[in-house]
file protein-v9.cif (mmCIF, C-alpha atoms)
data_structure
#
loop_
_atom_site.label_atom_id
_atom_site.label_comp_id
_atom_site.auth_asym_id
_atom_site.auth_seq_id
_atom_site.Cartn_x
_atom_site.Cartn_y
_atom_site.Cartn_z
CA MET L 13 0.00 0.00 0.00
CA ARG L 14 1.37 3.38 -0.94
CA PRO L 15 1.93 6.00 1.81
CA ALA L 16 -0.66 8.74 2.13
CA VAL L 17 0.23 11.97 0.37
CA ARG L 18 -0.26 15.16 2.32
CA VAL L 19 -1.72 18.11 0.50
CA PRO L 20 0.78 21.00 0.69
CA GLU L 21 -0.20 24.09 2.62
CA GLY L 22 -2.24 26.40 0.45
CA LEU L 23 -3.60 23.75 -1.94
CA SER L 24 -6.76 22.95 0.01
CA ALA L 25 -9.82 24.64 -1.51
CA ARG L 26 -11.15 26.46 1.52
CA VAL L 27 -14.26 27.99 -0.07
CA PRO L 28 -16.34 27.21 -3.18
CA VAL L 29 -14.91 28.62 -6.40
CA GLU L 30 -17.87 30.96 -6.93
CA GLN L 31 -16.93 32.73 -3.68
CA ARG L 32 -13.34 33.41 -4.75
CA GLY L 33 -14.07 36.34 -7.03
CA PRO L 34 -16.77 38.23 -8.93
CA GLY L 35 -18.34 36.65 -11.98
CA LEU L 36 -17.31 33.08 -11.15
CA ASP L 37 -19.66 30.12 -11.17
CA ARG L 38 -19.26 26.50 -10.10
CA GLY L 39 -17.62 25.59 -13.36
CA ALA L 40 -14.72 28.01 -12.94
CA VAL L 41 -12.34 25.28 -11.78
CA ARG L 42 -9.37 23.69 -13.51
CA LEU L 43 -9.47 20.32 -15.22
CA LEU L 44 -6.48 17.98 -15.27
CA VAL L 45 -6.81 15.40 -18.05
CA SER L 46 -4.94 12.08 -18.08
CA ARG L 47 -4.82 9.82 -21.12
CA GLY L 48 -2.62 7.06 -19.87
CA THR L 49 0.54 8.81 -18.66
CA GLU L 50 -0.04 11.82 -20.93
CA VAL L 51 -1.31 14.82 -18.98
CA SER L 52 -2.87 18.05 -20.22
CA HIS L 53 -4.29 21.09 -18.47
CA HIS L 54 -7.69 22.64 -19.19
CA ALA L 55 -10.53 24.72 -17.83
CA PHE L 56 -13.54 22.68 -16.78
CA ALA L 57 -15.60 24.55 -19.37
CA GLU L 58 -13.58 22.68 -22.04
CA LEU L 59 -15.09 19.33 -21.00
CA PRO L 60 -17.55 19.12 -23.95
CA GLY L 61 -14.62 19.27 -26.37
CA LEU L 62 -12.85 16.44 -24.56
CA LEU L 63 -15.77 14.03 -24.88
CA ARG L 64 -17.33 12.55 -28.00
CA ALA L 65 -20.85 12.05 -29.32
CA GLY L 66 -21.97 8.67 -28.05
CA ASP L 67 -20.09 8.91 -24.76
CA VAL L 68 -22.14 8.44 -21.59
CA LEU L 69 -21.60 10.24 -18.30
CA VAL L 70 -22.80 8.22 -15.30
CA VAL L 71 -23.97 10.69 -12.66
CA ASN L 72 -25.06 10.25 -9.04
CA THR L 73 -28.44 11.83 -8.28
CA SER L 74 -28.17 11.55 -4.49
CA PRO L 75 -28.80 14.88 -2.70
CA THR L 76 -26.67 15.96 0.25
CA LEU L 77 -28.19 15.94 3.72
CA ALA L 78 -27.55 18.37 6.57
CA ALA L 79 -26.03 15.44 8.43
CA ALA L 80 -24.14 17.12 11.32
CA VAL L 81 -26.05 17.81 14.56
CA ASP L 82 -24.80 19.23 17.88
CA GLY L 83 -25.40 17.14 20.97
CA ARG L 84 -24.23 16.39 24.49
CA VAL L 85 -22.92 13.32 26.27
CA GLY L 86 -23.46 14.26 29.88
CA HIS L 87 -21.95 17.75 30.12
CA ALA L 88 -19.57 17.23 27.19
CA ARG L 89 -20.39 18.75 23.81
CA VAL L 90 -20.24 16.42 20.81
CA VAL L 91 -21.16 16.60 17.13
CA VAL L 92 -23.04 13.65 15.65
CA HIS L 93 -22.49 12.85 11.97
CA PHE L 94 -25.43 10.82 10.67
CA SER L 95 -24.07 8.43 8.04
CA SER L 96 -26.65 5.94 6.77
CA PRO L 97 -30.04 4.54 7.83
CA GLY L 98 -30.23 0.80 8.40
CA ASP L 99 -33.04 -1.53 7.43
CA ASP L 100 -34.12 -1.91 11.06
CA GLY L 101 -34.73 1.78 11.85
CA ARG L 102 -31.28 2.41 13.33
CA TRP L 103 -28.73 4.88 11.95
CA ALA L 104 -24.99 4.52 11.52
CA VAL L 105 -23.45 7.54 13.25
CA GLU L 106 -20.05 8.94 14.15
CA LEU L 107 -19.49 10.94 17.34
CA ARG L 108 -16.86 13.67 17.07
CA ASP L 109 -15.56 16.43 19.32
CA PRO L 110 -15.99 20.11 18.35
CA ASP L 111 -12.57 21.66 17.78
CA GLY L 112 -13.44 25.25 18.70
CA ARG L 113 -13.05 26.42 15.09
CA GLY L 114 -16.44 25.36 13.79
CA THR L 115 -15.27 21.93 12.66
CA THR L 116 -14.59 18.66 14.48
CA ARG L 117 -11.90 16.15 15.39
CA PRO L 118 -12.06 12.47 16.38
CA ARG L 119 -13.33 11.79 19.89
CA SER L 120 -10.51 12.14 22.38
CA PRO L 121 -9.54 9.16 24.54
CA GLY L 122 -10.66 11.18 27.56
CA GLY L 123 -14.10 11.88 26.10
CA ALA L 124 -17.15 11.20 28.19
CA ARG L 125 -17.81 7.47 28.60
CA SER L 126 -15.07 6.61 26.12
CA ALA L 127 -13.48 3.21 26.65
CA PRO L 128 -11.55 0.52 24.77
CA TRP L 129 -13.69 -1.78 22.70
CA LYS L 130 -12.59 -5.40 22.97
CA GLY L 131 -13.65 -6.26 19.44
CA GLY L 132 -11.38 -3.66 17.88
CA GLY L 133 -8.05 -5.33 18.54
CA GLY L 134 -7.39 -3.04 21.49
CA ARG L 135 -8.11 0.14 19.49
CA ARG L 136 -9.91 2.93 21.29
CA SER L 137 -13.60 3.25 20.62
CA ASP L 138 -15.24 6.56 19.79
CA GLY L 139 -18.13 5.51 22.01
CA ILE L 140 -19.34 2.66 24.19
CA ALA L 141 -22.52 0.61 23.99
CA GLY L 142 -25.27 2.35 25.91
CA THR L 143 -23.84 5.86 25.52
CA GLU L 144 -26.68 8.37 25.41
CA VAL L 145 -26.45 11.53 23.34
CA MET L 146 -28.99 14.31 23.87
CA LEU L 147 -29.88 16.12 20.65
CA PRO L 148 -31.94 19.28 20.00
CA GLY L 149 -35.68 19.13 20.70
CA GLY L 150 -35.34 16.50 23.40
CA VAL L 151 -34.27 13.81 20.94
CA ARG L 152 -32.22 11.00 22.48
CA LEU L 153 -29.68 8.85 20.61
CA VAL L 154 -28.30 5.63 22.11
CA LEU L 155 -25.24 3.82 20.74
CA GLU L 156 -25.80 0.07 20.42
CA GLU L 157 -22.93 -1.64 18.57
CA PRO L 158 -20.07 -0.84 16.19
CA LEU L 159 -20.98 -0.95 12.53
CA SER L 160 -18.01 -3.14 11.66
CA ALA L 161 -15.37 -5.27 13.31
CA ARG L 162 -12.79 -3.29 11.29
CA SER L 163 -13.30 -0.14 13.32
CA ALA L 164 -15.34 1.39 16.11
CA ARG L 165 -15.57 4.79 14.39
CA LEU L 166 -19.15 4.28 13.21
CA TRP L 167 -21.87 2.90 15.48
CA TRP L 168 -25.39 1.68 15.00
CA ALA L 169 -27.64 3.87 17.14
CA ARG L 170 -31.33 4.18 17.90
CA VAL L 171 -33.06 7.54 18.02
CA ALA L 172 -36.05 8.21 20.30
CA GLY L 173 -38.32 11.20 20.80
CA CYS L 174 -38.05 12.32 17.17
CA GLU L 175 -41.60 12.92 15.94
CA GLY L 176 -40.62 13.80 12.38
CA GLY L 177 -38.04 11.04 12.17
CA VAL L 178 -34.30 11.48 11.82
CA LEU L 179 -34.59 13.11 8.40
CA GLY L 180 -37.03 15.69 9.79
CA MET L 181 -34.64 16.43 12.64
CA LEU L 182 -31.76 16.89 10.20
CA ARG L 183 -33.82 19.35 8.15
CA GLU L 184 -34.61 21.36 11.28
CA HIS L 185 -31.40 21.13 13.29
CA GLY L 186 -28.68 19.78 11.00
CA ARG L 187 -25.98 21.44 8.93
CA PRO L 188 -23.66 20.08 6.25
CA ILE L 189 -20.67 18.11 7.47
CA ARG L 190 -17.62 20.34 7.31
CA TYR L 191 -13.95 19.49 7.64
CA SER L 192 -11.09 21.52 9.07
CA TYR L 193 -9.56 22.56 5.72
CA THR L 194 -12.66 24.66 4.92
CA GLU L 195 -12.90 28.28 5.98
CA ARG L 196 -16.48 28.55 7.23
CA ASP L 197 -19.91 26.97 7.30
CA GLN L 198 -21.81 27.01 4.01
CA PRO L 199 -25.53 26.71 3.28
CA LEU L 200 -26.76 23.29 2.23
CA SER L 201 -27.35 24.53 -1.32
CA VAL L 202 -23.57 24.84 -1.79
CA TYR L 203 -23.31 21.08 -1.27
CA GLN L 204 -26.00 20.10 -3.80
CA THR L 205 -25.03 19.14 -7.34
CA VAL L 206 -27.03 19.99 -10.43
CA PHE L 207 -27.95 16.29 -10.69
CA ALA L 208 -29.42 15.99 -7.16
CA VAL L 209 -32.97 14.60 -7.13
CA PRO L 210 -34.44 14.28 -3.60
CA PRO L 211 -36.15 10.87 -3.25
CA ALA L 212 -39.72 10.70 -1.97
CA ASP L 213 -38.49 9.35 1.37
CA GLY L 214 -36.14 12.32 1.87
CA SER L 215 -32.99 10.19 1.99
CA GLY L 216 -29.63 11.28 0.64
CA SER L 217 -25.89 11.38 1.21
CA ALA L 218 -24.05 12.36 4.36
CA GLU L 219 -21.39 13.93 2.14
CA MET L 220 -21.67 15.53 -1.29
CA PRO L 221 -20.92 13.46 -4.40
CA SER L 222 -18.44 16.22 -5.10
CA ALA L 223 -17.04 15.28 -8.52
CA ALA L 224 -20.27 16.58 -10.06
CA ARG L 225 -20.19 19.91 -8.27
CA PRO L 226 -18.62 21.92 -11.15
CA PHE L 227 -21.44 20.99 -13.55
CA THR L 228 -23.93 23.75 -14.32
CA ALA L 229 -27.22 23.50 -16.18
CA ARG L 230 -25.65 25.41 -19.07
CA LEU L 231 -22.79 22.92 -19.38
CA VAL L 232 -25.20 19.97 -19.25
CA VAL L 233 -27.17 21.48 -22.14
CA GLU L 234 -23.96 21.96 -24.15
CA LEU L 235 -22.91 18.36 -23.54
CA VAL L 236 -26.30 17.02 -24.60
CA SER L 237 -26.25 19.20 -27.72
CA ARG L 238 -22.93 17.57 -28.68
CA GLY L 239 -24.34 14.05 -28.34
CA VAL L 240 -23.04 13.19 -24.87
CA GLN L 241 -25.68 11.32 -22.86
CA PHE L 242 -26.31 11.06 -19.13
CA ALA L 243 -27.07 7.86 -17.22
CA PRO L 244 -28.39 8.70 -13.74
CA VAL L 245 -27.70 6.30 -10.88
CA THR L 246 -28.00 6.75 -7.13
CA LEU L 247 -25.57 5.94 -4.35
CA HIS L 248 -26.16 7.47 -0.93
CA THR L 249 -22.71 8.26 0.39
CA GLY L 250 -21.95 7.66 4.06
CA VAL L 251 -19.53 9.52 6.31
CA ALA L 252 -15.97 9.30 5.03
CA SER L 253 -13.04 8.48 7.25
CA ALA L 254 -11.25 11.82 7.22
CA GLU L 255 -8.33 10.68 9.37
CA ALA L 256 -7.96 6.88 9.13
CA HIS L 257 -8.75 6.53 5.39
CA GLU L 258 -10.76 3.35 5.83
CA PRO L 259 -12.37 1.61 2.85
CA PRO L 260 -16.01 2.59 2.31
CA TYR L 261 -18.73 0.83 4.26
CA PRO L 262 -21.80 -0.72 2.59
CA GLU L 263 -23.96 1.98 0.99
CA ARG L 264 -27.39 2.02 -0.65
CA PHE L 265 -27.44 2.23 -4.43
CA SER L 266 -29.81 2.04 -7.36
CA VAL L 267 -29.21 1.65 -11.10
CA PRO L 268 -32.50 2.07 -13.01
CA GLU L 269 -33.39 0.02 -16.06
CA ALA L 270 -33.21 3.03 -18.40
CA SER L 271 -29.65 3.83 -17.34
CA ALA L 272 -28.54 0.21 -17.61
CA ARG L 273 -29.97 0.05 -21.13
CA LEU L 274 -28.34 3.35 -22.13
CA ILE L 275 -24.93 2.17 -20.95
CA GLY L 276 -25.33 -1.07 -22.87
CA VAL L 277 -26.25 0.72 -26.08
CA ALA L 278 -23.32 3.12 -25.73
CA ARG L 279 -20.82 0.31 -25.21
CA ALA L 280 -22.20 -1.62 -28.17
CA GLY L 281 -21.82 1.48 -30.35
CA GLY L 282 -18.25 2.26 -29.33
CA GLY L 283 -19.07 5.06 -26.89
CA ARG L 284 -17.08 5.50 -23.70
CA VAL L 285 -18.68 5.14 -20.26
CA VAL L 286 -17.27 7.87 -18.00
CA ALA L 287 -18.28 7.87 -14.35
CA VAL L 288 -18.66 11.21 -12.61
CA GLY L 289 -17.18 10.45 -9.22
CA THR L 290 -16.10 7.34 -7.38
CA THR L 291 -19.66 6.90 -6.08
CA ALA L 292 -20.91 6.51 -9.65
CA VAL L 293 -18.20 3.90 -10.29
CA ARG L 294 -19.24 1.96 -7.21
CA ALA L 295 -22.91 2.02 -8.20
CA VAL L 296 -22.57 1.02 -11.84
CA GLU L 297 -19.90 -1.61 -11.19
CA SER L 298 -22.15 -3.09 -8.48
CA ALA L 299 -24.85 -3.56 -11.13
CA ALA L 300 -22.51 -5.21 -13.65
CA GLY L 301 -22.36 -8.96 -14.00
CA PRO L 302 -19.19 -10.96 -14.70
CA ASP L 303 -20.07 -10.57 -18.38
CA GLY L 304 -19.76 -6.80 -18.08
CA VAL L 305 -23.44 -6.21 -18.77
CA VAL L 306 -25.13 -3.63 -16.55
CA ARG L 307 -28.57 -4.64 -15.35
CA ALA L 308 -31.09 -2.76 -13.22
CA ALA L 309 -30.20 -3.28 -9.55
CA ALA L 310 -30.87 -1.77 -6.15
CA GLY L 311 -29.93 -2.48 -2.54
CA TRP L 312 -26.72 -2.35 -0.54
CA THR L 313 -23.26 -2.59 -2.06
CA ASP L 314 -20.07 -3.48 -0.22
CA LEU L 315 -18.01 -3.42 -3.41
CA VAL L 316 -14.51 -1.99 -3.11
CA VAL L 317 -13.02 -1.46 -6.57
CA THR L 318 -9.34 -2.41 -6.67
CA PRO L 319 -6.83 -3.09 -9.45
CA GLU L 320 -7.13 -6.80 -8.65
CA ARG L 321 -10.89 -6.75 -9.14
CA GLY L 322 -10.70 -4.29 -12.02
CA VAL L 323 -13.61 -2.49 -13.67
CA ARG L 324 -16.09 -4.18 -15.99
CA VAL L 325 -17.98 -1.17 -17.33
CA VAL L 326 -16.23 2.13 -16.72
CA ASP L 327 -13.81 3.41 -19.35
CA GLY L 328 -13.05 6.76 -17.72
CA LEU L 329 -13.54 8.69 -14.51
CA LEU L 330 -14.07 12.33 -13.57
CA THR L 331 -13.05 12.81 -9.96
CA GLY L 332 -11.93 15.43 -7.51
CA LEU L 333 -8.46 15.76 -6.03
CA HIS L 334 -8.50 14.50 -2.47
CA GLU L 335 -5.88 13.37 -0.02
CA PRO L 336 -5.39 10.00 -1.67
CA GLU L 337 -6.60 7.46 0.87
CA ALA L 338 -5.99 3.88 -0.16
CA SER L 339 -9.49 3.05 -1.40
CA HIS L 340 -9.72 6.18 -3.55
CA LEU L 341 -6.36 5.63 -5.23
CA LEU L 342 -6.99 1.94 -5.73
CA MET L 343 -10.17 2.74 -7.64
CA LEU L 344 -8.33 5.23 -9.84
CA GLU L 345 -5.66 2.61 -10.50
CA ALA L 346 -8.36 0.08 -11.43
CA VAL L 347 -9.64 2.52 -14.06
CA ALA L 348 -6.38 3.97 -15.41
CA GLY L 349 -3.42 2.02 -14.02
CA ARG L 350 -0.86 2.97 -11.39
CA ALA L 351 1.56 4.72 -13.74
CA ALA L 352 -1.20 7.06 -14.95
CA VAL L 353 -2.32 7.87 -11.40
CA ASP L 354 1.23 8.55 -10.20
CA ARG L 355 1.92 10.81 -13.18
CA SER L 356 -1.32 12.74 -12.75
CA TYR L 357 -0.80 13.38 -9.04
CA GLU L 358 2.73 14.61 -9.75
CA ALA L 359 1.28 16.99 -12.34
CA ALA L 360 -1.47 18.15 -9.97
CA LEU L 361 1.06 18.99 -7.27
CA ALA L 362 3.42 20.70 -9.70
CA GLY L 363 0.55 22.67 -11.23
CA ARG L 364 -0.80 23.66 -7.80
CA TYR L 365 -4.26 22.29 -8.41
CA LEU L 366 -6.69 22.74 -5.53
CA TRP L 367 -7.82 19.72 -3.51
CA HIS L 368 -11.02 18.54 -1.83
CA GLU L 369 -14.71 19.00 -2.56
CA PHE L 370 -14.46 22.68 -3.55
CA GLY L 371 -11.32 22.17 -5.60
CA ASP L 372 -10.28 21.29 -9.14
CA VAL L 373 -11.13 18.07 -10.96
CA HIS L 374 -9.34 15.29 -12.79
CA LEU L 375 -10.55 13.44 -15.89
CA LEU L 376 -9.00 10.03 -16.56
CA LEU L 377 -9.58 8.74 -20.10
CA PRO L 378 -8.18 5.78 -22.03
CA PRO L 379 -5.14 6.60 -24.18
CA GLU L 380 -6.06 7.69 -27.69
CA ALA L 381 -5.46 4.95 -30.26
CA PRO L 382 -2.82 6.07 -32.77
CA HIS L 383 -3.98 6.70 -36.34
CA VAL L 384 -2.34 4.41 -38.85
CA GLU L 385 -2.13 5.53 -42.47
CA ARG L 386 -2.98 2.91 -45.04
CA CYS L 387 -1.23 2.58 -48.39
CA ASP L 388 -4.16 4.36 -50.09
CA GLY L 389 -3.62 7.42 -47.89
CA ASN L 390 -6.70 6.91 -45.70
CA LEU L 391 -6.55 6.54 -41.93
CA LEU L 392 -7.46 3.33 -40.17
#

call {"tool": "encode", "arguments": {"input": "protein-v9.cif", "output": "C-alpha cells"}}
result
Amino acid sequence: MRPAVRVPEGLSARVPVEQRGPGLDRGAVRLLVSRGTEVSHHAFAELPGLLRAGDVLVVNTSPTLAAAVDGRVGHARVVVHFSSPGDDGRWAVELRDPDGRGTTRPRSPGGARSAPWKGGGGRRSDGIAGTEVMLPGGVRLVLEEPLSARSARLWWARVAGCEGGVLGMLREHGRPIRYSYTERDQPLSVYQTVFAVPPADGSGSAEMPSAARPFTARLVVELVSRGVQFAPVTLHTGVASAEAHEPPYPERFSVPEASARLIGVARAGGGRVVAVGTTAVRAVESAAGPDGVVRAAAGWTDLVVTPERGVRVVDGLLTGLHEPEASHLLMLEAVAGRAAVDRSYEAALAGRYLWHEFGDVHLLLPPEAPHVERCDGNLL
C-alpha cells in the first residue's frame, strides 16, 4: 500500500470557487486530463470538447443531507455525523468532538464514557454501547454496537423522541458536514449538485458526491447538444473516514433500467462510459455482471473497486483531487493504471491544483489509439 500523500499548505480549496471572485460560477475550476501517462491542463468549461458524441456520463443523483447535529454526552459537547439509515430503523453515526473552530476532530480518549472496545483489537472506541447523546428538541440517541469489526468509528444507534423522524430532525437542526480545511460553514445549497434529485423518502448522502459539483445547467445542455448522454444512478454516500482513510462501508445504491440500457447501447456502439465520481463507479460496477453487462439493480453494495478486481464497465472517470486514501487511489488505479495515477498526481502537485470538494477536478480517459495511415492514404 502506498503511503498517504499530504496536500501541501495552500492547496486545500477552503471555499467554493464561486466565492473566490466576482463573476465566477461553479464551473470556474481547472481540469487535469490524463490519457494514460499523458497529462494536459484545461478549464472545466472545455469538457464538452474532450468528450465525443456517443459517450455516456454516469452521474449520481443523491442529494446531500444536513447530516451534522450538535449534541451532548453528559456535560460534554459532541457533534453527531449521521451516516446511513439501516433496514431496522437504526442509523450509523459517528461521534466527534468540536474543535473550537467550527469543525470537528475524532473523539478524544478522555471523552465522556469513552473506553476501549474489545472487538477492535485493542483500538480505542469513539463511544461505548449504551452511551446516550442528547440532541436538540429532546431527541435521544443511544449507541448500540459498532458498525463493523474493522473499526469502532461508526456505530449503530437508535433515536427516540423524534416525531418527524431522523430526516425531519436533520432538516430542522442539521448542517452540512464540514472538515477543518474549509474556511467557514456554508448553506446546504452549496453542497448540492445539479444532478441531485431528492427521493420521496427524503434520503440522501451524508457527504456531497463532489465530482459533479462543477457541472452547471448550461454545461449539461452543451454536452447534450454535442451528443453526450447522461445515465443517472443513485448511491447514498456515508460519512468518510477523514483521518484513518478506511475503505467505504456498505452503501445504498440504485441503477434504473433506463440507465442500464443506455450504458449497454453506448458500449455496443463504441461510446465511452465515463463515471462522474467514485460513487458513480461503485454504483454502476455493483450492477454489472461478470459478463460486463449492466442490469437494473438496487440495494446495498459493499463493493470496493481495486486493481485486482478491475472495472467491468467504466472506461473513464471524472473525480476530484482528495488526499489519496488507499481506497480512492486503488479505484483510480483500477480505471487507469498505477503509472497514470502517479503521473497525474505529480502533475497536480506541480501545477498547484486545488484539492477537496471545492477544488479542481481530474478526468481520466483511455489513451487515444494512434492513427495508422494505409497505403491508399486513408486513416485506419

call {"tool": "resolve_selection", "arguments": {"input": "protein-v9.cif", "expression": "the PyMOL selection byres ((chain L and resi 217) around 8)", "output": "MDAnalysis selection string"}}
result
chainID L and resid 74:77 95:96 215:216 218:221 247:250

call {"tool": "residues_around", "arguments": {"input": "protein-v9.cif", "residues": "L:Asp111", "least_positions_apart": "4", "cutoff": "12 Å", "atoms": "only C-alpha atoms", "output": "list in words"}}
result
Arg89, Val90, Val91, Thr115, Thr116, Arg117, Pro118, Arg119, Ser120, Arg190, Tyr191 and Ser192 of chain L

call {"tool": "residues_around", "arguments": {"input": "protein-v9.cif", "residues": "L:Ala78", "least_positions_apart": "5", "cutoff": "7 Å", "atoms": "all atoms listed in the file", "output": "list in words"}}
result
Leu182, Arg183, Gly186, Arg187, Pro188, Ile189 and Leu200 of chain L

call {"tool": "residues_around", "arguments": {"input": "protein-v9.cif", "residues": "L:Leu274", "least_positions_apart": "5", "cutoff": "12 Å", "atoms": "only C-alpha atoms", "output": "list of chain:residue names"}}
result
L:Gly66, L:Asp67, L:Val68, L:Leu69, L:Val70, L:Val240, L:Gln241, L:Phe242, L:Ala243, L:Pro244, L:Val245, L:Val267, L:Pro268, L:Glu269, L:Arg279, L:Ala280, L:Gly281, L:Gly283, L:Arg284, L:Val285, L:Val305, L:Val306, L:Arg307, L:Ala308

call {"tool": "write_last_selection", "arguments": {"input": "protein-v9.cif", "atoms": "C-alpha atoms", "output": "PDB file, keeping the file's coordinate frame"}}
result
ATOM      1  CA  GLY L  66     -21.970   8.670 -28.050  1.00  0.00           C
ATOM      2  CA  ASP L  67     -20.090   8.910 -24.760  1.00  0.00           C
ATOM      3  CA  VAL L  68     -22.140   8.440 -21.590  1.00  0.00           C
ATOM      4  CA  LEU L  69     -21.600  10.240 -18.300  1.00  0.00           C
ATOM      5  CA  VAL L  70     -22.800   8.220 -15.300  1.00  0.00           C
ATOM      6  CA  VAL L 240     -23.040  13.190 -24.870  1.00  0.00           C
ATOM      7  CA  GLN L 241     -25.680  11.320 -22.860  1.00  0.00           C
ATOM      8  CA  PHE L 242     -26.310  11.060 -19.130  1.00  0.00           C
ATOM      9  CA  ALA L 243     -27.070   7.860 -17.220  1.00  0.00           C
ATOM     10  CA  PRO L 244     -28.390   8.700 -13.740  1.00  0.00           C
ATOM     11  CA  VAL L 245     -27.700   6.300 -10.880  1.00  0.00           C
ATOM     12  CA  VAL L 267     -29.210   1.650 -11.100  1.00  0.00           C
ATOM     13  CA  PRO L 268     -32.500   2.070 -13.010  1.00  0.00           C
ATOM     14  CA  GLU L 269     -33.390   0.020 -16.060  1.00  0.00           C
ATOM     15  CA  ARG L 279     -20.820   0.310 -25.210  1.00  0.00           C
ATOM     16  CA  ALA L 280     -22.200  -1.620 -28.170  1.00  0.00           C
ATOM     17  CA  GLY L 281     -21.820   1.480 -30.350  1.00  0.00           C
ATOM     18  CA  GLY L 283     -19.070   5.060 -26.890  1.00  0.00           C
ATOM     19  CA  ARG L 284     -17.080   5.500 -23.700  1.00  0.00           C
ATOM     20  CA  VAL L 285     -18.680   5.140 -20.260  1.00  0.00           C
ATOM     21  CA  VAL L 305     -23.440  -6.210 -18.770  1.00  0.00           C
ATOM     22  CA  VAL L 306     -25.130  -3.630 -16.550  1.00  0.00           C
ATOM     23  CA  ARG L 307     -28.570  -4.640 -15.350  1.00  0.00           C
ATOM     24  CA  ALA L 308     -31.090  -2.760 -13.220  1.00  0.00           C
TER      25      ALA L 308
END

call {"tool": "closest_residue", "arguments": {"input": "protein-v9.cif", "among": "L:Arg264, L:Arg102, L:Arg196, L:Arg64", "to": "L:Val171", "atoms": "only C-alpha atoms"}}
result
L:Arg102

call {"tool": "decode", "arguments": {"input": "protein-v9.cif", "residues": "stretch 170-229 of chain L", "atoms": "C-alpha atoms", "output": "compact mmCIF listing (two decimals), in the first residue's frame"}}
result
# COMPACT_ATOMS: atom_id res chain seq x y z
CA ARG L 170 -31.33 4.18 17.90
CA VAL L 171 -33.06 7.54 18.02
CA ALA L 172 -36.05 8.21 20.30
CA GLY L 173 -38.32 11.20 20.80
CA CYS L 174 -38.05 12.32 17.17
CA GLU L 175 -41.60 12.92 15.94
CA GLY L 176 -40.62 13.80 12.38
CA GLY L 177 -38.04 11.04 12.17
CA VAL L 178 -34.30 11.48 11.82
CA LEU L 179 -34.59 13.11 8.40
CA GLY L 180 -37.03 15.69 9.79
CA MET L 181 -34.64 16.43 12.64
CA LEU L 182 -31.76 16.89 10.20
CA ARG L 183 -33.82 19.35 8.15
CA GLU L 184 -34.61 21.36 11.28
CA HIS L 185 -31.40 21.13 13.29
CA GLY L 186 -28.68 19.78 11.00
CA ARG L 187 -25.98 21.44 8.93
CA PRO L 188 -23.66 20.08 6.25
CA ILE L 189 -20.67 18.11 7.47
CA ARG L 190 -17.62 20.34 7.31
CA TYR L 191 -13.95 19.49 7.64
CA SER L 192 -11.09 21.52 9.07
CA TYR L 193 -9.56 22.56 5.72
CA THR L 194 -12.66 24.66 4.92
CA GLU L 195 -12.90 28.28 5.98
CA ARG L 196 -16.48 28.55 7.23
CA ASP L 197 -19.91 26.97 7.30
CA GLN L 198 -21.81 27.01 4.01
CA PRO L 199 -25.53 26.71 3.28
CA LEU L 200 -26.76 23.29 2.23
CA SER L 201 -27.35 24.53 -1.32
CA VAL L 202 -23.57 24.84 -1.79
CA TYR L 203 -23.31 21.08 -1.27
CA GLN L 204 -26.00 20.10 -3.80
CA THR L 205 -25.03 19.14 -7.34
CA VAL L 206 -27.03 19.99 -10.43
CA PHE L 207 -27.95 16.29 -10.69
CA ALA L 208 -29.42 15.99 -7.16
CA VAL L 209 -32.97 14.60 -7.13
CA PRO L 210 -34.44 14.28 -3.60
CA PRO L 211 -36.15 10.87 -3.25
CA ALA L 212 -39.72 10.70 -1.97
CA ASP L 213 -38.49 9.35 1.37
CA GLY L 214 -36.14 12.32 1.87
CA SER L 215 -32.99 10.19 1.99
CA GLY L 216 -29.63 11.28 0.64
CA SER L 217 -25.89 11.38 1.21
CA ALA L 218 -24.05 12.36 4.36
CA GLU L 219 -21.39 13.93 2.14
CA MET L 220 -21.67 15.53 -1.29
CA PRO L 221 -20.92 13.46 -4.40
CA SER L 222 -18.44 16.22 -5.10
CA ALA L 223 -17.04 15.28 -8.52
CA ALA L 224 -20.27 16.58 -10.06
CA ARG L 225 -20.19 19.91 -8.27
CA PRO L 226 -18.62 21.92 -11.15
CA PHE L 227 -21.44 20.99 -13.55
CA THR L 228 -23.93 23.75 -14.32
CA ALA L 229 -27.22 23.50 -16.18
